[in-house]
Amino acid sequence: MKPGRRLHPGDVVRFGDEGRVCLLGQLDATVEAKGDGGELTLAFAFHGAVLDQAIAECGVMPLPPYIASNREPDDRDRTDYQTVFAQDEGSVAAPTAGCILPPLCLIAWWRVGSRCTK
């Protein structure tokens with residue numbers, strides 16, 4: 001989270017649309033802790049399926065600058081710009097975290113003995 005240096009334990013971070021009355025129109029988190037490197041631990045008011053739904057509604061797919069600067073995000077980005085590191089629901093990995101390969105390429109690699117380490 002940038003600029004994380006401005007946030008401190010106890011601060012509230014709001015994700016989503018300000019002022020919406022719909023329960024899932026916004027998502028608040030409290031800064032629980034702040035590490036020496038500026039990393040933050042957030043505590044959300046929701047958990048489980050409700051938190052997953054709120055994140056899905058409020059979140060957007062992070063796109064590399066060379067794509068985001070040329071067009072608006074669309075629905076295909078969630079599949080087009082994911083990696084094997086983010087295949088499980090709730091996991092996150094930017095496209096630059098690894099190679100974006102079609103499943104057939106991965107299968108060919110596995111057949112010759114290569115393995116994916118997670």
# chains A, B, ... in the order shown; residues from 1 in each chain; ligands from 1
call {"tool": "residues_around", "arguments": {"residues": "Leu27 of chain A", "least_positions_apart": "5", "cutoff": "8 Å", "atoms": "only C-alpha atoms", "output": "NGL selection string"}}
result
:A and (14-16 or 44 or 54-55 or 58)
call {"tool": "residues_around", "arguments": {"residues": "Asp11 of chain A", "least_positions_apart": "3", "cutoff": "12 Å", "atoms": "only C-alpha atoms", "output": "ChimeraX atom specification"}}
result
/A:4-8,14,28-34,40-43
call {"tool": "atom_distance", "arguments": {"atom1": "atom CA of Asp52 of chain A", "atom2": "atom CA of Gly37 of chain A"}}
result
27.2 Å
call {"tool": "atom_distance", "arguments": {"atom1": "atom CA of Asp80 of chain A", "atom2": "atom CA of Pro102 of chain A"}}
result
9.9 Å
call {"tool": "atom_distance", "arguments": {"atom1": "atom CA of Glu39 of chain A", "atom2": "atom CA of Gly59 of chain A"}}
result
19.3 Å
